[in-house]
2 protein chains.
Amino acid sequence: MGRLSELFTPDRVAVVGATDREASVGRAILENLREGFEGEVVPINPNRTAVLGVTCYPDVASAPTVDLAVVVVPPPAVVDALRDLGESGVEHVVVITAGFGETGAEGARRERELESVAAEYGLHLVGPNSLGVMGTAVGLNATFGPDDALPGSISFMSQSGAFITAVLDWANEQGIGFRDVVSLGNEAVLTETDFVREWGESDETDVVIGYLEGIDDGQAFLEVASAVTTETPIVLVKSGRTDAGAKAASSHTGSIAGSERAYETALEQAGVLRARSVQELFDYARALSGLPLPESDGIAVVTNAGGPGVLTTDAVGDSSLSMASFTDETIDALETALPDEATAYNPVDVLGDGDVERFDRALEIVLSDPNVGGAVVVSAPTAVLEYDDLARTVVERAEEHAVPVTTSLMGGARSRAAADRLREGGVPNYFDPARAVSGLDALATYREVRERTRDEPTTFDVDRERARAVLERARSRSDARLGVESMELLDAYGIPIPTGEVVDGPDEARAVAESIPGDVVMKIVSPDISHKSDIGGVRVGVPDAAVEDTYEDLVSRARTYQPDARVLGVQVQERLDLEGQTETIVGMNRDPQFGPLVLFGLGGIFVEVLEDTAVRVAPIGPTAAREMVDEIRAAPLLRGARGREPADVDAIVDVLGRLSQLVTDFPAILELDVNPLVVGPDGVQAIDLRLTLDTEVSL
Amino acid sequence: MGRLSELFTPDRVAVVGATDREASVGRAILENLREGFEGEVVPINPNRTAVLGVTCYPDVASAPTVDLAVVVVPPPAVVDALRDLGESGVEHVVVITAGFGETGAEGARRERELESVAAEYGLHLVGPNSLGVMGTAVGLNATFGPDDALPGSISFMSQSGAFITAVLDWANEQGIGFRDVVSLGNEAVLTETDFVREWGESDETDVVIGYLEGIDDGQAFLEVASAVTTETPIVLVKSGRTDAGAKAASSHTGSIAGSERAYETALEQAGVLRARSVQELFDYARALSGLPLPESDGIAVVTNAGGPGVLTTDAVGDSSLSMASFTDETIDALETALPDEATAYNPVDVLGDGDVERFDRALEIVLSDPNVGGAVVVSAPTAVLEYDDLARTVVERAEEHAVPVTTSLMGGARSRAAADRLREGGVPNYFDPARAVSGLDALATYREVRERTRDEPTTFDVDRERARAVLERARSRSDARLGVESMELLDAYGIPIPTGEVVDGPDEARAVAESIPGDVVMKIVSPDISHKSDIGGVRVGVPDAAVEDTYEDLVSRARTYQPDARVLGVQVQERLDLEGQTETIVGMNRDPQFGPLVLFGLGGIFVEVLEDTAVRVAPIGPTAAREMVDEIRAAPLLRGARGREPADVDAIVDVLGRLSQLVTDFPAILELDVNPLVVGPDGVQAIDLRLTLDTEVSL
């Protein structure tokens, strides 16, 4: 139990602004509270002596001490009410009243006042503009919605109050129960991160689910959720996934929706299961709240119907699961136990005349197979099959073997009683076999989350001061954009760069060239010229003797091409042998919600046309870096497809780690691209750099 | 009405093998028939005078004339029964009896006998091993399943009888009705193609749906389905989509599942909507059977709940639809009609206190907008919203405007009466807003199918005899594999190839080289050496003077490398300027079900690593060929990404059409690859060829 548990399990609740006025929010809340709440309800209203037959107090000070207050007074009275509550030592408050940040300047001002009073008194405050909270442990319904929640082990938060009312009636019908429910409202104080933490610490919550439109402090959420998902699964609908949806979400909440790529990456990194629809949210939640985790991905399908059996197998093929390969013992046992025409392979077909007993025998055999991590029982209704008995048998077998089992006892009215029985036994039943599989898939995905290697970022031995000096030098030129002249930054963080220097005279250029064996590469260096090759600003294979002339030529080209361009000099660099090398890109973009997003991809068309890139929120450990390299579609090229020598993936992983450290050390770096990072069988070299600094952030 | 309509609307039905034995199939069918059938039932059984109180006849000859016979006699008696039926002039027969092709050699022999009797008498025969047929127009349930179907306009075929029983109980509960239902059984005579044709010709069938595990004659199905989908939508679950599913399907039906890529392509080409699950199948069918087609893809969302509105918008973003852009008039009208805090943009939020009247005003306005092709009404339950009234209003408005509208009146028990009312008015209601959108998406997809350009394949002026001669030459070498030596084949079909010849001596090589301006390319030609460059068997840029020596060198390399390789000579070819050209691949694979599958992709890694290819079943018209070029992920490269000159796409389209004609003209061509087909801004050149001939098929 965390510090917020009293929000959901209070002994005494005050309703500040309680009223019996018909169709008022204050009355609706009072009625909901009176219905099943085990504790005491204390109406507060200076104009009443009793509300709906309950003794009413003029103010908080004169009322008995409460451990939760629900505030429904008009907007201008909220801040005073909070101050009174704070003075009386009430810590947990839900502000139902709307008319704050969601309604323009006056509301925003009022919300800032609310925040400051809440901070002054250390209030744990939900809202404002909240539907309220529910805690089924004590029968608490402190919302103005039309439905109570059934008790259960799913805790549920939503940035949309309507989303809660929209699903509760349906959930009740489906028998889906909840532990705690909170409508987050404007999140002036308590946010999704606080409730994830709270429920992560609670033994009574088996699954955290939520409907979110945005996450304000992405890094905090990522950190908390990553820790919670090691013990408790989190399933979220994060809406605004699509461009259209993001636009709608931002007009709905007034907040900036943020980049979908960042959300996708961060939620995945945090181990959050993401549902794309209401149905998926509850399909996943039902499986995660009632079933054991599978020990392997092998699924057994037992059915009395060939067609639905094939459909189920397709659904397994679509998922991250696989069809279990039965042991020889299992196949022998099935062959003995079932009629000749039955199928003893997976999917097991007990045939259309299969009764409960035959299902039972088959189920018992496959659940004993060490290769079976989970099972789906799929049936069409027949004259010989009693669905109720089948349900009881499935529940018993599943319990005995502690293996997750879902069912699709297909049918309408015919299957209802069986579905209820299955649910009571913790086995979710779905009409569509594909959904029965997706429930198991959620379990397997969550098992993978729990088993994940969560390695700490490597701390590399870097020269932070030298890097800071490079950034400061750029900023002292009042320049937010850095280029090849600042490659030393990479060197300071141990990212290999070719030998070379930026020089500002032909003699110096010659001297540098002579210190480098062989011909050199020369490039004009100017923050104002981004496409250097287009103006002939790059020369490859310049012999020492031609270096001075080339220097003059490059500078004069730059002047002709763009007279106002600041020319910082010419880079003289060793010429690399690019035979057998692959051009890759590593980079970073700072997301407003989640911070630095590190990127990896192959160069050229792979990024520009195919958008084949992998991203992670920094800081990242070596496992995540290696996953990035593996997950791009073109990864086989690096592993040595088409007869190529495999690239030095370890060196890429090393660079990604160093880059992660660099952008974490310097929040002033807004964007950074190393393009190309040339990768060969024996290492990498960063060839070019572009970087943008945030001039508002200190170095 | 087609020739099979009597299967579903008979006046008098014989049950051959009728019995009153408890739990027998014969009895179940008789009971189902007696229940609602408007016509007369005639039991046939030599051992009874009456069955279940109905007069029984000893044989078909002595019974009144029937127009449909259902056969349930034991397997060995089926063929005789069919002969009797044929002699009596009965044309339509359903064979329920199992124990034929699905059960081994004896059964297969029996099925061949059945086929031959059916052919002899021209029987329209369903089965054997069928659950039976239903025709709701005359209350016919000639199945042994437990449920009747409700009447409706969806006709339903299934290769799995269990699939029918599995969904009927559920469909009845959902109020989903059917016109004709057929369990296809072993398809000894009538197949899915026959029923697609039949229902395409029927005015009473609005939608054809089906569960299929395989399609035997793919080309016939493709042709019939392509014609039907211009008027009647077809939605299919084709199972065995995944590797696991295909394996399960093939063990279930004993047939070879065939290539999923071929099915995917062919069904898409035929304009068939493919559902991935039972739920999708019926979600699509419900929308297609009751709603008008949208005139545009712009969708309006009207809701009383911000969160669910955003979710719905995301679902639109996921679909092929888009959020409608309202006209200024619409926005003005909404702003006038709705409270200030409401959203007059799309999604329209009528707010949590929105009543039916407010929904009505908003709906009326958005449905009048010319940019709105369809609408979704999404609501959370509130104290002020009467779901029943809302349902009535939605039905009325949708009818008035003849615009497709789906709803998600979220809730459980609370929304049931409203859902019934909506269904009666032809508006499908879904708990999950995402499914409400997917219903509209199915409509839009089907509209696109109807509007599709279905151009005939171009008939190119080709030299078919010359092509035949090339193929015959190869075959006379008893060689099933052709290579560069057969490039003339492409030339005969007007596909550009570089100037050159295959020669078998150094002098001849020199002579050819001298006839070609500039240096030449020389390649060893041998059907046994597939990777020529690996053995140094390719030389680029050979000057005329070096041609003889190069010839000798190439031949001796081939001998050294692979002494038993048949060397057909050396190809001497003009050297192409490949600057600014792109390597592509065109090819063909012959699928056992669907015939020639034509393929297009970019060369090298795009095919080998990224598998970025487009395929179509030949023959194809120019529109399909152009779509192939457009649909590969790397298509932007051909259109001129990264500052390249756009490639000559017309020339690729031309080659694809010619290739389509070639492989259609010569069914003996099993596989063919032109790799690379080099494409530049001004045309294409086929550089290399590999082809495999089927030696069993005549040229």
# chains A, B, ... in the order shown; residues from 1 in each chain; ligands from 1
>>> calpha_fit_rmsd(fixed="chain B", moving="chain A")
0.1 Å
>>> residues_around(residues="Thr453 (chain B)", least_positions_apart="3", cutoff="10 Å", atoms="only C-alpha atoms", output="PDB file with N, CA and C atoms, in the first residue's frame")
ATOM      1  N   GLU B 448     -14.482   1.253 -53.189  1.00  0.00           N
ATOM      2  CA  GLU B 448     -13.267   1.315 -54.014  1.00  0.00           C
ATOM      3  C   GLU B 448     -13.223   0.118 -54.965  1.00  0.00           C
ATOM      4  N   VAL B 449     -13.645  -1.045 -54.497  1.00  0.00           N
ATOM      5  CA  VAL B 449     -13.687  -2.246 -55.357  1.00  0.00           C
ATOM      6  C   VAL B 449     -14.634  -2.012 -56.535  1.00  0.00           C
ATOM      7  N   ARG B 450     -15.807  -1.447 -56.246  1.00  0.00           N
ATOM      8  CA  ARG B 450     -16.770  -1.211 -57.331  1.00  0.00           C
ATOM      9  C   ARG B 450     -16.280  -0.200 -58.340  1.00  0.00           C
ATOM     10  N   GLU B 456      -8.744  -4.473 -69.338  1.00  0.00           N
ATOM     11  CA  GLU B 456      -8.346  -5.733 -69.956  1.00  0.00           C
ATOM     12  C   GLU B 456      -6.842  -5.724 -70.158  1.00  0.00           C
ATOM     13  N   GLY B 621      -3.752  -6.137 -66.585  1.00  0.00           N
ATOM     14  CA  GLY B 621      -3.863  -4.956 -67.422  1.00  0.00           C
ATOM     15  C   GLY B 621      -2.873  -3.897 -66.965  1.00  0.00           C
ATOM     16  N   PRO B 622      -2.776  -2.791 -67.707  1.00  0.00           N
ATOM     17  CA  PRO B 622      -1.808  -1.749 -67.373  1.00  0.00           C
ATOM     18  C   PRO B 622      -2.054  -1.103 -66.002  1.00  0.00           C
ATOM     19  N   THR B 623      -3.313  -1.020 -65.576  1.00  0.00           N
ATOM     20  CA  THR B 623      -3.580  -0.397 -64.272  1.00  0.00           C
ATOM     21  C   THR B 623      -2.961  -1.238 -63.160  1.00  0.00           C
ATOM     22  N   ALA B 624      -3.169  -2.547 -63.245  1.00  0.00           N
ATOM     23  CA  ALA B 624      -2.598  -3.434 -62.230  1.00  0.00           C
ATOM     24  C   ALA B 624      -1.074  -3.366 -62.258  1.00  0.00           C
TER      25      ALA B 624
END
>>> closest_residue(among="A:Glu173, A:Glu111, A:Glu91, A:Glu38", to="chain B", atoms="only C-alpha atoms")
A:Glu173
>>> atom_distance(atom1="CA of His531 (chain A)", atom2="CA of Gly569 (chain A)")
15.8 Å
>>> residues_around(residues="Val525 (chain B)", least_positions_apart="4", cutoff="10 Å", atoms="only C-alpha atoms", output="MDAnalysis selection string")
chainID B and resid 483:485 502:504 529:530 532 537:538 554:555 558 566:571
>>> closest_residue(among="B:Val189, B:Val316, B:Val228, B:Val73", to="chain A", atoms="only C-alpha atoms")
B:Val316
>>> select_by_dssp(residues="region 72-224 of chain B", states="strand (DSSP E or B)", output="PyMOL selection string")
chain B and resi 92-95+124-126+132-135+140-143+150-158+177-183+207-212
>>> atom_distance(atom1="CA of Phe282 (chain A)", atom2="CA of Arg241 (chain B)")
26.1 Å
>>> select_by_dssp(residues="region 479-696 of chain A", states="helix (DSSP H, G or I)", output="PyMOL selection string")
chain A and resi 484-486+488-492+506-515+532-535+544-561+605-608+622-631+635-639+641-643+649-665
>>> closest_residue(among="B:Arg690, B:Arg475, B:Arg416, B:Lys523", to="chain A", atoms="only C-alpha atoms")
B:Arg416
>>> residues_around(residues="Leu670 (chain A)", least_positions_apart="5", cutoff="9 Å", atoms="only C-alpha atoms", output="list in words")
Met588, Asn589, Arg590, Asp591, Pro596, Val663, Leu691, Thr692, Leu693 and Asp694 of chain A
>>> atom_distance(atom1="CA of Ser62 (chain A)", atom2="CA of Leu131 (chain A)")
26.8 Å
>>> residues_around(residues="Gly200 (chain B)", least_positions_apart="4", cutoff="9 Å", atoms="only C-alpha atoms", output="list in words")
Met1, Gly2, Phe195, Val196, Thr205, Asp206, Val207, Val208, Val224, Ala225, Ala227, Val228, Thr229, Glu231, Thr232 and Pro233 of chain B
>>> write_last_selection(atoms="C-alpha atoms", output="mmCIF file, in the first residue's frame")
data_model
loop_
_atom_site.group_PDB
_atom_site.id
_atom_site.type_symbol
_atom_site.label_atom_id
_atom_site.label_comp_id
_atom_site.auth_asym_id
_atom_site.auth_seq_id
_atom_site.Cartn_x
_atom_site.Cartn_y
_atom_site.Cartn_z
ATOM 1 C CA MET B 1 -31.751 -16.198 -59.333
ATOM 2 C CA GLY B 2 -29.255 -18.649 -60.681
ATOM 3 C CA PHE B 195 -22.184 -20.390 -54.872
ATOM 4 C CA VAL B 196 -20.406 -17.104 -55.420
ATOM 5 C CA THR B 205 -28.422 -11.689 -51.454
ATOM 6 C CA ASP B 206 -26.837 -8.377 -50.417
ATOM 7 C CA VAL B 207 -23.576 -9.814 -49.127
ATOM 8 C CA VAL B 208 -21.770 -13.101 -49.690
ATOM 9 C CA VAL B 224 -16.259 -15.346 -61.127
ATOM 10 C CA ALA B 225 -15.572 -13.402 -57.947
ATOM 11 C CA ALA B 227 -17.435 -10.227 -61.834
ATOM 12 C CA VAL B 228 -19.641 -10.666 -58.758
ATOM 13 C CA THR B 229 -17.889 -8.000 -56.696
ATOM 14 C CA GLU B 231 -22.404 -5.726 -57.804
ATOM 15 C CA THR B 232 -22.302 -7.763 -54.591
ATOM 16 C CA PRO B 233 -19.701 -7.588 -51.838
#
>>> residues_around(residues="Trp170 (chain B)", least_positions_apart="3", cutoff="9 Å", atoms="only C-alpha atoms", output="JSON, numbers by chain")
{"A": [410, 411, 412, 413, 414, 415, 431], "B": [166, 167, 173, 174, 175, 176]}
>>> closest_residue(among="A:Ala315, A:Ile44, A:Ala511, A:Val427", to="chain B", atoms="only C-alpha atoms")
A:Ala315
>>> residues_around(residues="Arg112 (chain A)", least_positions_apart="6", cutoff="12 Å", atoms="only C-alpha atoms", output="VMD selection string")
chain A and resid 79 100 to 101 105 to 106 118 to 119 128 186 to 189
>>> closest_residue(among="B:Ser155, B:Ser322, B:Ser259, B:Gln219", to="chain A", atoms="only C-alpha atoms")
B:Ser322
>>> closest_residue(among="B:Ala246, B:Leu85, B:Val94, B:Met157", to="chain A", atoms="only C-alpha atoms")
B:Ala246
